[in-house]
Amino acid sequence: MKIISKTYVLVSILILAAFINLTLLYQTEQTDNSQSYTIISTGDLKVQIESITGLATSVASGNNEDVEEIENTIKKIENILKILKNGGNINELTIEKIPSALTSEYNKVTTSWERYKEKAMDVENTSVFDMEATSAMNYVLQKNSELVLETNSLSKELSGLDRNYNKHKEIAKKLENSALAIGKLTLVISIGEEENVQEQLKNERVAFSIGLEKLLGTSTNETLDKIPRENSETLRKLDPLWEAIQPKIKIVEERALLSTEFIQIRNEMNAEKISLYSDIDNLLYLLNQEIIKENTQGQVAIQ
């Protein structure tokens with residue numbers, strides 16, 4: 001009878017121990033899940049921040065429909081930061097609060113976030129484009145078709161002249177080609193391809209000016225026979241048209257379409273973003289180390 005009683009006691013102890021272990025394992029699993037969600041939420045901050053970077057530039061470019069989205073993204077980030085500090089739920093998933101040992105690292109993230117957010121708002125409220133350069137570009141594109149038509153008409157007007165005007169005809173053809181090139185290069189610049197293109201645009205402008213001066217008889221480098229009045233009607237129209245277009249071309253070839261103010265503020269925002277990413281990465285690393293440490297201690301306790 002005593003043996004049976006002892007057996008029941010032993011079995012009861014084993015059952016109790018198994019129950020305790022199962023409970024601890026369940027609690028550990030739940031803790032592991034919430035800790036994993038904490039890490040995921042912390043890492044998600046970088047995704048949301050990158051989104052803000054793009055949205056801020058988009059709004060600065062005039063896409064005002066993105067204003068609401070950037071505001072919502074900011075609220076989402078600040079909600080994540082709040083839950084990481086105090087614990088809570090995101091999308092019905094339990095998020096553990098940042099361990100007290102990592103409070104200092106968490107505070108660095110929030111401080112960096114405020115600095116980055118301020119710069120992002122500055123970008124959002126700054127015009128992307130240099131308004132004068134943009135206006136000049138639009139003017140050149142608008143007037144270029146007229147320039148092409150006039151140079152084409154000039155070639156036709158000179159085509160009936162004798163061989164003494166072959167040089168004039170050659171220059172007129174070059175003017176026609178330059179007019180086409182000016183339009184093409186300005187269009188390329190308008191879509192953001194400025195590298196080397198501005199120099200090409202300058203070369204075409206200078207070539208056009210030199211050629212036109214020769215035909216007008218105002219060149220100091222080369223003197224040509226004067227074009228008969230009846231064959232120079234287009235030339236007389238072309239002169240004032242070029243005088244109006246050339247200063248605008250100079251602006252396009254000398255200045256970037258992006259405003260210098262915007263470039264500076266955007267660079268400041270990106271610098272703050274890099275700093276913020278570094279603080280988030282550091283927090284993630286230390287948070288992971290804390291979790292490994294806790295799990296190791298938990299396994300020892302269960303054993």
# chains A, B, ... in the order shown; residues from 1 in each chain; ligands from 1
>>> select_by_dssp(residues="range 99-291 of chain A", states="helix (DSSP H, G or I)", output="short mmCIF file (atom, residue, chain, number, x, y, z; two decimals) with N, CA and C atoms, in the first residue's frame")
data_model
loop_
_atom_site.label_atom_id
_atom_site.label_comp_id
_atom_site.auth_asym_id
_atom_site.auth_seq_id
_atom_site.Cartn_x
_atom_site.Cartn_y
_atom_site.Cartn_z
N SER A 100 14.52 48.30 -20.16
CA SER A 100 15.01 49.53 -19.51
C SER A 100 16.50 49.73 -19.71
N ALA A 101 17.22 48.63 -19.90
CA ALA A 101 18.67 48.73 -20.13
C ALA A 101 19.00 49.44 -21.44
N LEU A 102 18.00 49.49 -22.35
CA LEU A 102 18.23 50.09 -23.67
C LEU A 102 17.53 51.44 -23.81
N THR A 103 17.12 52.02 -22.70
CA THR A 103 16.42 53.31 -22.75
C THR A 103 17.25 54.39 -23.42
N SER A 104 18.53 54.39 -23.11
CA SER A 104 19.42 55.41 -23.69
C SER A 104 19.48 55.28 -25.21
N GLU A 105 19.58 54.04 -25.70
CA GLU A 105 19.64 53.81 -27.15
C GLU A 105 18.30 54.17 -27.81
N TYR A 106 17.21 53.87 -27.12
CA TYR A 106 15.89 54.23 -27.63
C TYR A 106 15.76 55.75 -27.74
N ASN A 107 16.23 56.46 -26.73
CA ASN A 107 16.15 57.92 -26.74
C ASN A 107 16.96 58.52 -27.88
N LYS A 108 18.07 57.87 -28.21
CA LYS A 108 18.87 58.35 -29.35
C LYS A 108 18.07 58.25 -30.65
N VAL A 109 17.31 57.16 -30.77
CA VAL A 109 16.48 56.98 -31.97
C VAL A 109 15.42 58.08 -32.06
N THR A 110 14.75 58.34 -30.94
CA THR A 110 13.69 59.36 -30.97
C THR A 110 14.25 60.75 -31.24
N THR A 111 15.43 61.03 -30.69
CA THR A 111 16.06 62.33 -30.95
C THR A 111 16.45 62.46 -32.42
N SER A 112 17.03 61.40 -32.97
CA SER A 112 17.40 61.41 -34.39
C SER A 112 16.17 61.52 -35.27
N TRP A 113 15.09 60.87 -34.85
CA TRP A 113 13.84 60.93 -35.60
C TRP A 113 13.33 62.37 -35.68
N GLU A 114 13.36 63.09 -34.58
CA GLU A 114 12.88 64.47 -34.57
C GLU A 114 13.71 65.35 -35.49
N ARG A 115 15.02 65.13 -35.49
CA ARG A 115 15.89 65.91 -36.38
C ARG A 115 15.60 65.60 -37.84
N TYR A 116 15.45 64.31 -38.13
CA TYR A 116 15.15 63.90 -39.51
C TYR A 116 13.80 64.45 -39.95
N LYS A 117 12.80 64.33 -39.08
CA LYS A 117 11.45 64.79 -39.43
C LYS A 117 11.45 66.28 -39.76
N GLU A 118 12.20 67.05 -38.99
CA GLU A 118 12.28 68.49 -39.24
C GLU A 118 12.86 68.78 -40.63
N LYS A 119 13.91 68.05 -40.99
CA LYS A 119 14.52 68.25 -42.31
C LYS A 119 13.59 67.78 -43.43
N ALA A 120 12.87 66.69 -43.18
CA ALA A 120 11.93 66.19 -44.19
C ALA A 120 10.82 67.21 -44.43
N MET A 121 10.38 67.87 -43.37
CA MET A 121 9.35 68.91 -43.52
C MET A 121 9.91 70.11 -44.28
N ASP A 122 11.18 70.40 -44.07
CA ASP A 122 11.82 71.50 -44.82
C ASP A 122 11.85 71.17 -46.31
N VAL A 123 12.19 69.92 -46.62
CA VAL A 123 12.21 69.49 -48.03
C VAL A 123 10.82 69.60 -48.63
N GLU A 124 9.83 69.14 -47.88
CA GLU A 124 8.44 69.16 -48.36
C GLU A 124 8.00 70.57 -48.72
N MET A 131 13.09 78.33 -60.31
CA MET A 131 11.97 78.85 -61.10
C MET A 131 12.43 79.60 -62.34
N GLU A 132 13.53 80.35 -62.22
CA GLU A 132 14.02 81.10 -63.38
C GLU A 132 14.54 80.14 -64.46
N ALA A 133 15.28 79.12 -64.02
CA ALA A 133 15.80 78.14 -64.97
C ALA A 133 14.66 77.36 -65.63
N THR A 134 13.66 77.03 -64.85
CA THR A 134 12.50 76.30 -65.39
C THR A 134 11.74 77.16 -66.39
N SER A 135 11.56 78.43 -66.04
CA SER A 135 10.87 79.35 -66.95
C SER A 135 11.64 79.51 -68.25
N ALA A 136 12.96 79.64 -68.14
CA ALA A 136 13.80 79.78 -69.33
C ALA A 136 13.72 78.54 -70.21
N MET A 137 13.74 77.38 -69.57
CA MET A 137 13.66 76.13 -70.32
C MET A 137 12.34 76.03 -71.07
N ASN A 138 11.25 76.36 -70.39
CA ASN A 138 9.94 76.31 -71.03
C ASN A 138 9.85 77.27 -72.21
N TYR A 139 10.47 78.43 -72.06
CA TYR A 139 10.47 79.42 -73.14
C TYR A 139 11.22 78.89 -74.36
N VAL A 140 12.38 78.30 -74.12
CA VAL A 140 13.18 77.76 -75.23
C VAL A 140 12.41 76.66 -75.95
N LEU A 141 11.79 75.77 -75.17
CA LEU A 141 11.03 74.68 -75.78
C LEU A 141 9.84 75.22 -76.58
N GLN A 142 9.23 76.26 -76.06
CA GLN A 142 8.07 76.85 -76.74
C GLN A 142 8.47 77.52 -78.05
N LYS A 143 9.59 78.24 -78.03
CA LYS A 143 10.03 79.01 -79.19
C LYS A 143 10.87 78.19 -80.18
N ASN A 144 11.32 77.02 -79.75
CA ASN A 144 12.22 76.26 -80.61
C ASN A 144 11.59 75.85 -81.93
N SER A 145 10.32 75.48 -81.90
CA SER A 145 9.66 75.08 -83.14
C SER A 145 9.64 76.24 -84.13
N GLU A 146 9.45 77.45 -83.61
CA GLU A 146 9.48 78.64 -84.47
C GLU A 146 10.88 78.85 -85.03
N LEU A 147 11.89 78.60 -84.20
CA LEU A 147 13.27 78.75 -84.65
C LEU A 147 13.59 77.74 -85.76
N VAL A 148 13.12 76.52 -85.59
CA VAL A 148 13.35 75.49 -86.61
C VAL A 148 12.67 75.86 -87.92
N LEU A 149 11.45 76.35 -87.83
CA LEU A 149 10.72 76.73 -89.05
C LEU A 149 11.39 77.88 -89.78
N GLU A 150 11.87 78.85 -89.02
CA GLU A 150 12.52 80.02 -89.64
C GLU A 150 13.84 79.63 -90.30
N THR A 151 14.61 78.78 -89.65
CA THR A 151 15.88 78.36 -90.27
C THR A 151 15.63 77.52 -91.52
N ASN A 152 14.56 76.74 -91.48
CA ASN A 152 14.20 75.96 -92.66
C ASN A 152 13.78 76.88 -93.81
N SER A 153 13.02 77.91 -93.48
CA SER A 153 12.60 78.89 -94.49
C SER A 153 13.80 79.63 -95.06
N LEU A 154 14.78 79.91 -94.18
CA LEU A 154 15.98 80.61 -94.63
C LEU A 154 16.73 79.77 -95.66
N SER A 155 16.86 78.48 -95.40
CA SER A 155 17.54 77.60 -96.36
C SER A 155 16.82 77.61 -97.71
N LYS A 156 15.51 77.61 -97.67
CA LYS A 156 14.73 77.62 -98.91
C LYS A 156 14.90 78.95 -99.65
N GLU A 157 14.95 80.04 -98.91
CA GLU A 157 15.11 81.36 -99.53
C GLU A 157 16.47 81.48 -100.24
N LEU A 158 17.48 80.89 -99.63
CA LEU A 158 18.83 81.00 -100.19
C LEU A 158 19.10 79.98 -101.29
N ARG A 163 26.04 80.21 -107.19
CA ARG A 163 27.10 79.55 -106.44
C ARG A 163 27.93 80.51 -105.59
N ASN A 164 27.82 81.80 -105.87
CA ASN A 164 28.53 82.77 -105.03
C ASN A 164 28.00 82.78 -103.59
N TYR A 165 26.85 82.16 -103.43
CA TYR A 165 26.22 82.13 -102.10
C TYR A 165 26.20 80.71 -101.51
N ASN A 166 27.05 79.87 -102.05
CA ASN A 166 27.12 78.49 -101.53
C ASN A 166 27.51 78.47 -100.05
N LYS A 167 28.41 79.37 -99.68
CA LYS A 167 28.83 79.46 -98.27
C LYS A 167 27.64 79.85 -97.40
N HIS A 168 26.83 80.76 -97.90
CA HIS A 168 25.64 81.19 -97.16
C HIS A 168 24.67 80.01 -96.98
N LYS A 169 24.52 79.25 -98.05
CA LYS A 169 23.62 78.09 -98.00
C LYS A 169 24.12 77.06 -96.98
N GLU A 170 25.43 76.88 -96.98
CA GLU A 170 26.03 75.92 -96.04
C GLU A 170 25.79 76.36 -94.59
N ILE A 171 25.97 77.64 -94.35
CA ILE A 171 25.75 78.18 -92.99
C ILE A 171 24.28 78.05 -92.60
N ALA A 172 23.38 78.35 -93.54
CA ALA A 172 21.95 78.25 -93.26
C ALA A 172 21.56 76.83 -92.87
N LYS A 173 22.16 75.86 -93.56
CA LYS A 173 21.88 74.46 -93.23
C LYS A 173 22.38 74.12 -91.83
N LYS A 174 23.54 74.66 -91.48
CA LYS A 174 24.08 74.42 -90.13
C LYS A 174 23.18 75.06 -89.07
N LEU A 175 22.63 76.23 -89.40
CA LEU A 175 21.71 76.89 -88.46
C LEU A 175 20.47 76.02 -88.24
N GLU A 176 20.01 75.43 -89.31
CA GLU A 176 18.84 74.55 -89.23
C GLU A 176 19.14 73.35 -88.32
N ASN A 177 20.31 72.76 -88.50
CA ASN A 177 20.70 71.62 -87.67
C ASN A 177 20.88 72.02 -86.21
N SER A 178 21.46 73.20 -86.00
CA SER A 178 21.66 73.68 -84.63
C SER A 178 20.33 73.95 -83.94
N ALA A 179 19.38 74.50 -84.69
CA ALA A 179 18.06 74.76 -84.12
C ALA A 179 17.40 73.47 -83.65
N LEU A 180 17.53 72.43 -84.46
CA LEU A 180 16.99 71.12 -84.07
C LEU A 180 17.71 70.57 -82.84
N ALA A 181 19.03 70.72 -82.82
CA ALA A 181 19.83 70.21 -81.70
C ALA A 181 19.50 70.96 -80.41
N ILE A 182 19.30 72.27 -80.51
CA ILE A 182 18.97 73.07 -79.32
C ILE A 182 17.66 72.58 -78.69
N GLY A 183 16.68 72.31 -79.53
CA GLY A 183 15.41 71.80 -79.01
C GLY A 183 15.56 70.44 -78.35
N LYS A 184 16.32 69.57 -79.01
CA LYS A 184 16.52 68.21 -78.48
C LYS A 184 17.28 68.24 -77.15
N LEU A 185 18.35 69.02 -77.10
CA LEU A 185 19.17 69.08 -75.88
C LEU A 185 18.40 69.72 -74.72
N THR A 186 17.62 70.73 -75.02
CA THR A 186 16.81 71.37 -73.97
C THR A 186 15.79 70.39 -73.42
N LEU A 187 15.22 69.59 -74.30
CA LEU A 187 14.26 68.57 -73.87
C LEU A 187 14.93 67.53 -72.98
N VAL A 188 16.14 67.14 -73.34
CA VAL A 188 16.88 66.17 -72.53
C VAL A 188 17.15 66.74 -71.14
N ILE A 189 17.52 68.02 -71.09
CA ILE A 189 17.77 68.67 -69.80
C ILE A 189 16.49 68.73 -68.97
N SER A 190 15.36 68.91 -69.64
CA SER A 190 14.08 69.04 -68.93
C SER A 190 13.69 67.77 -68.19
N VAL A 197 25.26 67.53 -71.14
CA VAL A 197 24.27 68.03 -72.09
C VAL A 197 24.29 69.55 -72.13
N GLN A 198 24.48 70.17 -70.97
CA GLN A 198 24.52 71.63 -70.92
C GLN A 198 25.70 72.17 -71.74
N GLU A 199 26.82 71.47 -71.69
CA GLU A 199 27.98 71.89 -72.47
C GLU A 199 27.69 71.76 -73.97
N GLN A 200 27.00 70.69 -74.35
CA GLN A 200 26.61 70.52 -75.75
C GLN A 200 25.66 71.62 -76.20
N LEU A 201 24.75 71.98 -75.31
CA LEU A 201 23.80 73.05 -75.62
C LEU A 201 24.53 74.37 -75.84
N LYS A 202 25.52 74.62 -74.99
CA LYS A 202 26.32 75.84 -75.14
C LYS A 202 27.03 75.87 -76.49
N ASN A 203 27.60 74.74 -76.88
CA ASN A 203 28.31 74.67 -78.16
C ASN A 203 27.38 74.96 -79.33
N GLU A 204 26.16 74.44 -79.26
CA GLU A 204 25.19 74.67 -80.33
C GLU A 204 24.76 76.14 -80.36
N ARG A 205 24.60 76.72 -79.19
CA ARG A 205 24.21 78.14 -79.12
C ARG A 205 25.29 79.03 -79.73
N VAL A 206 26.54 78.77 -79.35
CA VAL A 206 27.65 79.57 -79.87
C VAL A 206 27.76 79.40 -81.38
N ALA A 207 27.62 78.17 -81.85
CA ALA A 207 27.71 77.91 -83.29
C ALA A 207 26.60 78.64 -84.05
N PHE A 208 25.41 78.65 -83.47
CA PHE A 208 24.27 79.32 -84.11
C PHE A 208 24.54 80.83 -84.18
N SER A 209 25.03 81.39 -83.09
CA SER A 209 25.30 82.84 -83.05
C SER A 209 26.35 83.24 -84.09
N ILE A 210 27.41 82.45 -84.17
CA ILE A 210 28.49 82.75 -85.12
C ILE A 210 27.96 82.69 -86.55
N GLY A 211 27.20 81.64 -86.85
CA GLY A 211 26.66 81.48 -88.20
C GLY A 211 25.70 82.60 -88.56
N LEU A 212 24.84 82.96 -87.62
CA LEU A 212 23.86 84.02 -87.88
C LEU A 212 24.55 85.36 -88.10
N GLU A 213 25.58 85.63 -87.32
CA GLU A 213 26.33 86.88 -87.48
C GLU A 213 26.98 86.96 -88.87
N LYS A 214 27.46 85.85 -89.36
CA LYS A 214 28.08 85.82 -90.69
C LYS A 214 27.05 86.16 -91.77
N LEU A 215 25.86 85.60 -91.63
CA LEU A 215 24.82 85.87 -92.63
C LEU A 215 24.31 87.31 -92.54
N LEU A 216 24.30 87.85 -91.32
CA LEU A 216 23.84 89.23 -91.13
C LEU A 216 24.90 90.25 -91.53
N ARG A 229 18.20 91.65 -100.72
CA ARG A 229 17.09 91.95 -99.82
C ARG A 229 15.90 91.01 -100.05
N GLU A 230 15.63 90.70 -101.31
CA GLU A 230 14.49 89.84 -101.61
C GLU A 230 14.68 88.41 -101.12
N ASN A 231 15.91 88.06 -100.75
CA ASN A 231 16.19 86.72 -100.24
C ASN A 231 16.54 86.72 -98.74
N GLU A 233 14.31 88.09 -96.23
CA GLU A 233 13.15 88.39 -95.37
C GLU A 233 13.15 87.51 -94.12
N THR A 234 13.40 86.22 -94.32
CA THR A 234 13.43 85.30 -93.18
C THR A 234 14.57 85.64 -92.24
N LEU A 235 15.70 86.04 -92.79
CA LEU A 235 16.86 86.40 -91.98
C LEU A 235 16.52 87.57 -91.05
N ARG A 236 15.74 88.52 -91.57
CA ARG A 236 15.36 89.67 -90.76
C ARG A 236 14.40 89.26 -89.63
N LYS A 237 13.63 88.21 -89.84
CA LYS A 237 12.76 87.69 -88.78
C LYS A 237 13.56 86.86 -87.77
N LEU A 238 14.54 86.17 -88.29
CA LEU A 238 15.33 85.26 -87.46
C LEU A 238 16.18 86.00 -86.44
N ASP A 239 16.66 87.18 -86.82
CA ASP A 239 17.55 87.95 -85.94
C ASP A 239 16.89 88.30 -84.60
N PRO A 240 15.72 88.95 -84.58
CA PRO A 240 15.10 89.28 -83.29
C PRO A 240 14.62 88.04 -82.52
N LEU A 241 14.23 87.01 -83.27
CA LEU A 241 13.81 85.77 -82.60
C LEU A 241 14.98 85.17 -81.83
N TRP A 242 16.15 85.15 -82.46
CA TRP A 242 17.33 84.61 -81.79
C TRP A 242 17.75 85.48 -80.61
N GLU A 243 17.62 86.78 -80.76
CA GLU A 243 17.96 87.70 -79.67
C GLU A 243 17.09 87.44 -78.44
N ALA A 244 15.87 86.99 -78.67
CA ALA A 244 14.96 86.69 -77.56
C ALA A 244 15.26 85.33 -76.94
N ILE A 245 15.62 84.37 -77.78
CA ILE A 245 15.83 83.00 -77.30
C ILE A 245 17.20 82.82 -76.65
N GLN A 246 18.23 83.44 -77.20
CA GLN A 246 19.60 83.17 -76.75
C GLN A 246 19.82 83.39 -75.25
N PRO A 247 19.33 84.49 -74.65
CA PRO A 247 19.54 84.67 -73.20
C PRO A 247 18.91 83.55 -72.36
N LYS A 248 17.79 83.03 -72.84
CA LYS A 248 17.13 81.94 -72.13
C LYS A 248 17.95 80.65 -72.23
N ILE A 249 18.54 80.44 -73.40
CA ILE A 249 19.39 79.25 -73.57
C ILE A 249 20.58 79.33 -72.63
N LYS A 250 21.14 80.52 -72.48
CA LYS A 250 22.28 80.70 -71.57
C LYS A 250 21.92 80.30 -70.15
N ILE A 251 20.72 80.66 -69.72
CA ILE A 251 20.28 80.30 -68.37
C ILE A 251 20.19 78.78 -68.23
N VAL A 252 19.61 78.14 -69.25
CA VAL A 252 19.44 76.68 -69.21
C VAL A 252 20.79 75.97 -69.19
N GLU A 253 21.75 76.50 -69.93
CA GLU A 253 23.05 75.82 -70.02
C GLU A 253 23.93 76.07 -68.80
N GLU A 254 23.62 77.13 -68.05
CA GLU A 254 24.47 77.50 -66.92
C GLU A 254 23.93 77.05 -65.57
N THR A 260 19.26 75.35 -55.89
CA THR A 260 20.38 75.09 -54.97
C THR A 260 19.89 74.97 -53.53
N GLU A 261 18.84 75.71 -53.20
CA GLU A 261 18.27 75.63 -51.85
C GLU A 261 17.71 74.24 -51.59
N PHE A 262 16.99 73.71 -52.59
CA PHE A 262 16.41 72.38 -52.43
C PHE A 262 17.51 71.32 -52.29
N ILE A 263 18.53 71.42 -53.13
CA ILE A 263 19.62 70.44 -53.09
C ILE A 263 20.27 70.43 -51.71
N GLN A 264 20.50 71.62 -51.16
CA GLN A 264 21.13 71.71 -49.84
C GLN A 264 20.25 71.09 -48.76
N ILE A 265 18.97 71.43 -48.77
CA ILE A 265 18.05 70.91 -47.75
C ILE A 265 17.87 69.40 -47.90
N ARG A 266 17.80 68.93 -49.15
CA ARG A 266 17.67 67.49 -49.39
C ARG A 266 18.90 66.75 -48.87
N ASN A 267 20.08 67.32 -49.09
CA ASN A 267 21.31 66.69 -48.60
C ASN A 267 21.32 66.64 -47.07
N GLU A 268 20.82 67.70 -46.44
CA GLU A 268 20.74 67.73 -44.97
C GLU A 268 19.78 66.66 -44.47
N MET A 269 18.65 66.50 -45.17
CA MET A 269 17.69 65.46 -44.80
C MET A 269 18.32 64.07 -44.91
N ASN A 270 19.03 63.83 -46.00
CA ASN A 270 19.65 62.52 -46.21
C ASN A 270 20.73 62.24 -45.17
N ALA A 271 21.44 63.29 -44.75
CA ALA A 271 22.46 63.12 -43.71
C ALA A 271 21.81 62.72 -42.39
N GLU A 272 20.68 63.36 -42.07
CA GLU A 272 19.96 63.01 -40.84
C GLU A 272 19.36 61.60 -40.94
N LYS A 273 18.96 61.23 -42.14
CA LYS A 273 18.41 59.88 -42.34
C LYS A 273 19.47 58.82 -42.07
N ILE A 274 20.67 59.04 -42.57
CA ILE A 274 21.77 58.09 -42.35
C ILE A 274 22.06 57.96 -40.86
N SER A 275 22.06 59.09 -40.16
CA SER A 275 22.30 59.09 -38.71
C SER A 275 21.19 58.33 -37.99
N LEU A 276 19.96 58.56 -38.41
CA LEU A 276 18.81 57.87 -37.81
C LEU A 276 18.88 56.37 -38.06
N TYR A 277 19.22 55.98 -39.28
CA TYR A 277 19.36 54.56 -39.60
C TYR A 277 20.42 53.90 -38.72
N SER A 278 21.51 54.62 -38.49
CA SER A 278 22.59 54.09 -37.65
C SER A 278 22.10 53.85 -36.23
N ASP A 279 21.31 54.78 -35.70
CA ASP A 279 20.79 54.63 -34.34
C ASP A 279 19.78 53.48 -34.26
N ILE A 280 18.97 53.32 -35.31
CA ILE A 280 18.01 52.21 -35.33
C ILE A 280 18.75 50.88 -35.40
N ASP A 281 19.76 50.81 -36.25
CA ASP A 281 20.54 49.57 -36.37
C ASP A 281 21.22 49.21 -35.05
N ASN A 282 21.71 50.21 -34.36
CA ASN A 282 22.36 49.98 -33.07
C ASN A 282 21.35 49.46 -32.05
N LEU A 283 20.16 50.06 -32.05
CA LEU A 283 19.11 49.61 -31.13
C LEU A 283 18.70 48.17 -31.46
N LEU A 284 18.57 47.86 -32.74
CA LEU A 284 18.20 46.50 -33.15
C LEU A 284 19.24 45.48 -32.69
N TYR A 285 20.50 45.84 -32.85
CA TYR A 285 21.57 44.93 -32.45
C TYR A 285 21.53 44.66 -30.95
N LEU A 286 21.43 45.72 -30.17
CA LEU A 286 21.42 45.56 -28.71
C LEU A 286 20.15 44.87 -28.23
N LEU A 287 19.04 45.15 -28.91
CA LEU A 287 17.78 44.50 -28.56
C LEU A 287 17.88 43.00 -28.81
N ASN A 288 18.47 42.63 -29.91
CA ASN A 288 18.66 41.21 -30.22
C ASN A 288 19.57 40.54 -29.19
N GLN A 289 20.61 41.26 -28.77
CA GLN A 289 21.52 40.71 -27.76
C GLN A 289 20.79 40.49 -26.43
N GLU A 290 19.91 41.42 -26.08
CA GLU A 290 19.12 41.29 -24.85
C GLU A 290 18.21 40.08 -24.91
N ILE A 291 17.60 39.87 -26.07
CA ILE A 291 16.68 38.74 -26.24
C ILE A 291 17.44 37.42 -26.14
#
>>> select_by_dssp(residues="range 57-93 of chain A", states="strand (DSSP E)", output="JSON, numbers by chain")
{"A": [88, 89, 90, 93]}
>>> residues_around(residues="range 52-66 of chain A", least_positions_apart="2", cutoff="6 Å", atoms="only C-alpha atoms", output="ChimeraX atom specification")
/A:49-50,68-70,123-124,126-128
>>> atom_distance(atom1="CA of Ser219 in chain A", atom2="CA of Leu161 in chain A")
21.1 Å
>>> atom_distance(atom1="CA of Phe129 in chain A", atom2="CA of Glu193 in chain A")
14.2 Å
>>> closest_residue(among="A:Val67, A:Ser36, A:Gln48, A:Ser41", to="Lys82 in chain A", atoms="only C-alpha atoms")
A:Ser41
>>> closest_residue(among="A:Glu71, A:Asp130, A:Glu96, A:Glu222", to="Ile83 in chain A", atoms="only C-alpha atoms")
A:Glu96
